[in-house]
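> Take a look at this one; I'll ask things after.
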Amino acid sequence: MKDNSEEMFPLVDECGNIIGAATRGECHNGSKLLHPVVHLHVFNSRGQLYLQKRPDWKDIQPGKWDTAVGGHINLGENVEIALRREAKEELNIADFRPVSVKTYVFESDRERELVNTFKTTIDEEVIPSEELDGGRFWTIEDIIKNIGKDIFTPNFENEFLNVIYPGNHT
């Protein structure tokens with residue numbers, strides 16, 4: 001498998017207004033074209049956080065642990081449709097209530113994303129799809145212990161520390 005570099009993404013301003021379109025390849029080649037994504041943090045009722053393992057064939061951060069659900073908003077989709085599509089595609093979950101947490105701009109050396117972050121709590125079994133290299137629930141303590149050890153994606157670490165679990169992490 002590999003990512004489709006010709007897949008079309010909307011380009012947006014920092015308020016989420018569509019201002020154009022570009023391919024995945026154009027968005028991920030260092031151009032810093034701002035494109036929207038969705039993230040869903042999946043907790044269980046014990047407070048553990050589900051993380052997905054990114055497959056080695058991904059073009060961004062292969063082999064790292066990452067947000068439970070993360071994906072691009074396709075041209076013609078809105079945030080809610082993209083969030084539900086990605087949750088179904090990646091974790092086979094359809095019955096959940098997303099709670100909006102924050103929308104912010106994330107920038108790396110290769111890309112710039114408008115991240116629409118949500119969280120939910122589910123206690124049903126999570127079954128990762130073949131798009132992923134598996135996944136599991138982590139305790140908050142185990143996540144904090146492993147930050148900065150090149151286990152997680154930089155985007156997940158940033159979002160966890162500043163959006164999902166801000167505060168004292170020592």
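How things are named: the first chain in the structure tokens is A, the next is B, and so on; residues count from 1 in each chain; ligands count from 1 in the order shown.
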Enumerate as an NGL selection string all residues of chain A assigned to strand (DSSP E) by DSSP on the backbone, naming them with the chain letters and numbers the document uses.

:A and (8-12 or 18-23 or 34-43 or 49-53 or 65-67 or 69-72 or 99-107 or 112-121 or 135-138)

> Name the residues in contact with segment 129-139 of chain A at a cut-off of 7 Å, using only C-alpha atoms, excluding same-chain residues fewer than 3 positions from it; report them as an NGL selection string.

:A and (48-55 or 89-92 or 142-143)

> Give me a file of those residues, with N, CA, C and O atoms, as a PDB file, in the first residue's frame.


ATOM      1  N   GLN A  48      -8.143   5.723  29.732  1.00  0.00           N
ATOM      2  CA  GLN A  48      -7.039   5.375  28.848  1.00  0.00           C
ATOM      3  C   GLN A  48      -7.311   5.931  27.452  1.00  0.00           C
ATOM      4  O   GLN A  48      -8.472   6.078  27.049  1.00  0.00           O
ATOM      5  N   LEU A  49      -6.242   6.214  26.720  1.00  0.00           N
ATOM      6  CA  LEU A  49      -6.333   6.827  25.399  1.00  0.00           C
ATOM      7  C   LEU A  49      -5.856   5.839  24.343  1.00  0.00           C
ATOM      8  O   LEU A  49      -4.754   5.292  24.445  1.00  0.00           O
ATOM      9  N   TYR A  50      -6.693   5.619  23.334  1.00  0.00           N
ATOM     10  CA  TYR A  50      -6.343   4.708  22.245  1.00  0.00           C
ATOM     11  C   TYR A  50      -5.406   5.416  21.273  1.00  0.00           C
ATOM     12  O   TYR A  50      -5.650   6.556  20.886  1.00  0.00           O
ATOM     13  N   LEU A  51      -4.325   4.726  20.896  1.00  0.00           N
ATOM     14  CA  LEU A  51      -3.411   5.250  19.882  1.00  0.00           C
ATOM     15  C   LEU A  51      -3.281   4.235  18.761  1.00  0.00           C
ATOM     16  O   LEU A  51      -3.286   3.027  18.994  1.00  0.00           O
ATOM     17  N   GLN A  52      -3.173   4.738  17.541  1.00  0.00           N
ATOM     18  CA  GLN A  52      -2.939   3.874  16.390  1.00  0.00           C
ATOM     19  C   GLN A  52      -1.455   3.819  16.079  1.00  0.00           C
ATOM     20  O   GLN A  52      -0.712   4.760  16.339  1.00  0.00           O
ATOM     21  N   LYS A  53      -1.028   2.695  15.512  1.00  0.00           N
ATOM     22  CA  LYS A  53       0.352   2.551  15.029  1.00  0.00           C
ATOM     23  C   LYS A  53       0.328   2.796  13.528  1.00  0.00           C
ATOM     24  O   LYS A  53      -0.375   2.118  12.786  1.00  0.00           O
ATOM     25  N   ARG A  54       1.085   3.802  13.094  1.00  0.00           N
ATOM     26  CA  ARG A  54       1.122   4.141  11.666  1.00  0.00           C
ATOM     27  C   ARG A  54       1.917   3.081  10.902  1.00  0.00           C
ATOM     28  O   ARG A  54       2.995   2.685  11.328  1.00  0.00           O
ATOM     29  N   PRO A  55       1.381   2.633   9.763  1.00  0.00           N
ATOM     30  CA  PRO A  55       2.124   1.630   8.992  1.00  0.00           C
ATOM     31  C   PRO A  55       3.390   2.207   8.375  1.00  0.00           C
ATOM     32  O   PRO A  55       3.515   3.424   8.187  1.00  0.00           O
ATOM     33  N   GLU A  89     -13.265   4.140   8.681  1.00  0.00           N
ATOM     34  CA  GLU A  89     -12.180   3.540   7.888  1.00  0.00           C
ATOM     35  C   GLU A  89     -11.043   3.014   8.764  1.00  0.00           C
ATOM     36  O   GLU A  89     -10.502   1.948   8.503  1.00  0.00           O
ATOM     37  N   GLU A  90     -10.665   3.775   9.800  1.00  0.00           N
ATOM     38  CA  GLU A  90      -9.476   3.417  10.568  1.00  0.00           C
ATOM     39  C   GLU A  90      -9.758   2.490  11.741  1.00  0.00           C
ATOM     40  O   GLU A  90      -8.957   1.607  12.027  1.00  0.00           O
ATOM     41  N   LEU A  91     -10.869   2.705  12.456  1.00  0.00           N
ATOM     42  CA  LEU A  91     -11.134   1.925  13.676  1.00  0.00           C
ATOM     43  C   LEU A  91     -12.456   1.177  13.658  1.00  0.00           C
ATOM     44  O   LEU A  91     -12.831   0.560  14.659  1.00  0.00           O
ATOM     45  N   ASN A  92     -13.175   1.237  12.540  1.00  0.00           N
ATOM     46  CA  ASN A  92     -14.465   0.548  12.434  1.00  0.00           C
ATOM     47  C   ASN A  92     -15.458   0.992  13.503  1.00  0.00           C
ATOM     48  O   ASN A  92     -16.243   0.181  13.991  1.00  0.00           O
ATOM     49  N   ASP A 142       1.716   6.191  30.938  1.00  0.00           N
ATOM     50  CA  ASP A 142       2.623   5.584  29.959  1.00  0.00           C
ATOM     51  C   ASP A 142       2.900   6.532  28.792  1.00  0.00           C
ATOM     52  O   ASP A 142       4.006   6.563  28.263  1.00  0.00           O
ATOM     53  N   ILE A 143       1.899   7.288  28.388  1.00  0.00           N
ATOM     54  CA  ILE A 143       2.115   8.270  27.314  1.00  0.00           C
ATOM     55  C   ILE A 143       3.112   9.324  27.788  1.00  0.00           C
ATOM     56  O   ILE A 143       4.106   9.610  27.106  1.00  0.00           O
TER      57      ILE A 143
END

> Restricting the calculation to only C-alpha atoms, which member of A:Glu77, A:Glu159, A:Glu86, A:Asp123 is positioned closest to Lys102 of chain A?

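For Lys102 of chain A, the nearest of the given residues is A:Glu159.
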
> Tell me, as a count of residues only, which residues lie within 12 Å of Asn155 of chain A, counting only C-alpha atoms; anything in the same chain fewer than 6 positions away does not count.

25

> Please report the interatomic distance between atom CA of Pro166 of chain A and atom CA of Val37 of chain A in Å with one decimal.

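Answer for the atom CA of Pro166 of chain A to atom CA of Val37 of chain A separation: 21.2 Å.
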
> If you measure from atom CA of Thr23 of chain A to atom CA of Glu157 of chain A, what distance in Å do you get, rounded to one decimal?

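Between atom CA of Thr23 of chain A and atom CA of Glu157 of chain A the gap works out to 26.5 Å.
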
> Contacts of Ala22 of chain A at 9 Å or less, counting only C-alpha atoms, minus same-chain residues fewer than 6 places along, as a list of chain:residue names?

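The filter keeps A:Glu6, A:Glu7, A:Met8, A:Phe9, A:Pro10, A:Leu11, A:Leu33, A:His35.
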
> Write out, as a PDB file, in the first residue's frame, the residues just selected, with N, CA and C atoms.


ATOM      1  N   GLU A   6      -1.977  11.847  -5.693  1.00  0.00           N
ATOM      2  CA  GLU A   6      -2.847  12.643  -6.566  1.00  0.00           C
ATOM      3  C   GLU A   6      -4.202  12.959  -5.931  1.00  0.00           C
ATOM      4  N   GLU A   7      -4.462  12.415  -4.736  1.00  0.00           N
ATOM      5  CA  GLU A   7      -5.719  12.687  -4.031  1.00  0.00           C
ATOM      6  C   GLU A   7      -5.870  14.192  -3.826  1.00  0.00           C
ATOM      7  N   MET A   8      -7.081  14.715  -4.046  1.00  0.00           N
ATOM      8  CA  MET A   8      -7.307  16.165  -3.972  1.00  0.00           C
ATOM      9  C   MET A   8      -7.783  16.598  -2.582  1.00  0.00           C
ATOM     10  N   PHE A   9      -7.121  17.620  -2.055  1.00  0.00           N
ATOM     11  CA  PHE A   9      -7.479  18.206  -0.769  1.00  0.00           C
ATOM     12  C   PHE A   9      -7.897  19.659  -0.973  1.00  0.00           C
ATOM     13  N   PRO A  10      -8.842  20.141  -0.153  1.00  0.00           N
ATOM     14  CA  PRO A  10      -9.133  21.567  -0.191  1.00  0.00           C
ATOM     15  C   PRO A  10      -7.989  22.345   0.461  1.00  0.00           C
ATOM     16  N   LEU A  11      -7.748  23.531  -0.011  1.00  0.00           N
ATOM     17  CA  LEU A  11      -6.837  24.468   0.658  1.00  0.00           C
ATOM     18  C   LEU A  11      -7.712  25.459   1.391  1.00  0.00           C
ATOM     19  N   LEU A  33       1.170  24.463   2.019  1.00  0.00           N
ATOM     20  CA  LEU A  33      -0.203  24.786   1.640  1.00  0.00           C
ATOM     21  C   LEU A  33      -1.113  24.317   2.772  1.00  0.00           C
ATOM     22  N   HIS A  35      -4.020  22.852   4.624  1.00  0.00           N
ATOM     23  CA  HIS A  35      -5.111  21.937   4.284  1.00  0.00           C
ATOM     24  C   HIS A  35      -5.716  21.374   5.578  1.00  0.00           C
TER      25      HIS A  35
END

> Can you tell me, as a list in words, which residues in segment 108-143 of chain A count as helix (DSSP H, G or I) by DSSP?

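Listing helix (DSSP H, G or I) positions across segment 108-143 of chain A yields Ile140, Glu141, Asp142 and Ile143 of chain A.
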
> Which residue is closest to Ile73 of chain A? Choose from A:Thr103, A:Thr121, A:Ser31, A:Asn116 and count only C-alpha atoms.

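The closest residue to Ile73 of chain A is A:Asn116.
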
> Interatomic distance between atom CA of Val126 of chain A and atom CA of Ile93 of chain A?

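Going from atom CA of Val126 of chain A over to atom CA of Ile93 of chain A, I get 7.2 Å.
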
> Pick the closest to Pro154 of chain A from A:Asp56, A:Pro62, A:Ile81, A:Arg97: which is it, counting only C-alpha atoms?

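Result for the nearest residue to Pro154 of chain A: A:Pro62.
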
> Using only C-alpha atoms for the distances, tell me which of A:Phe156, A:Leu75, A:Glu141, A:Val69 is nearest to Phe118 of chain A.

A:Val69
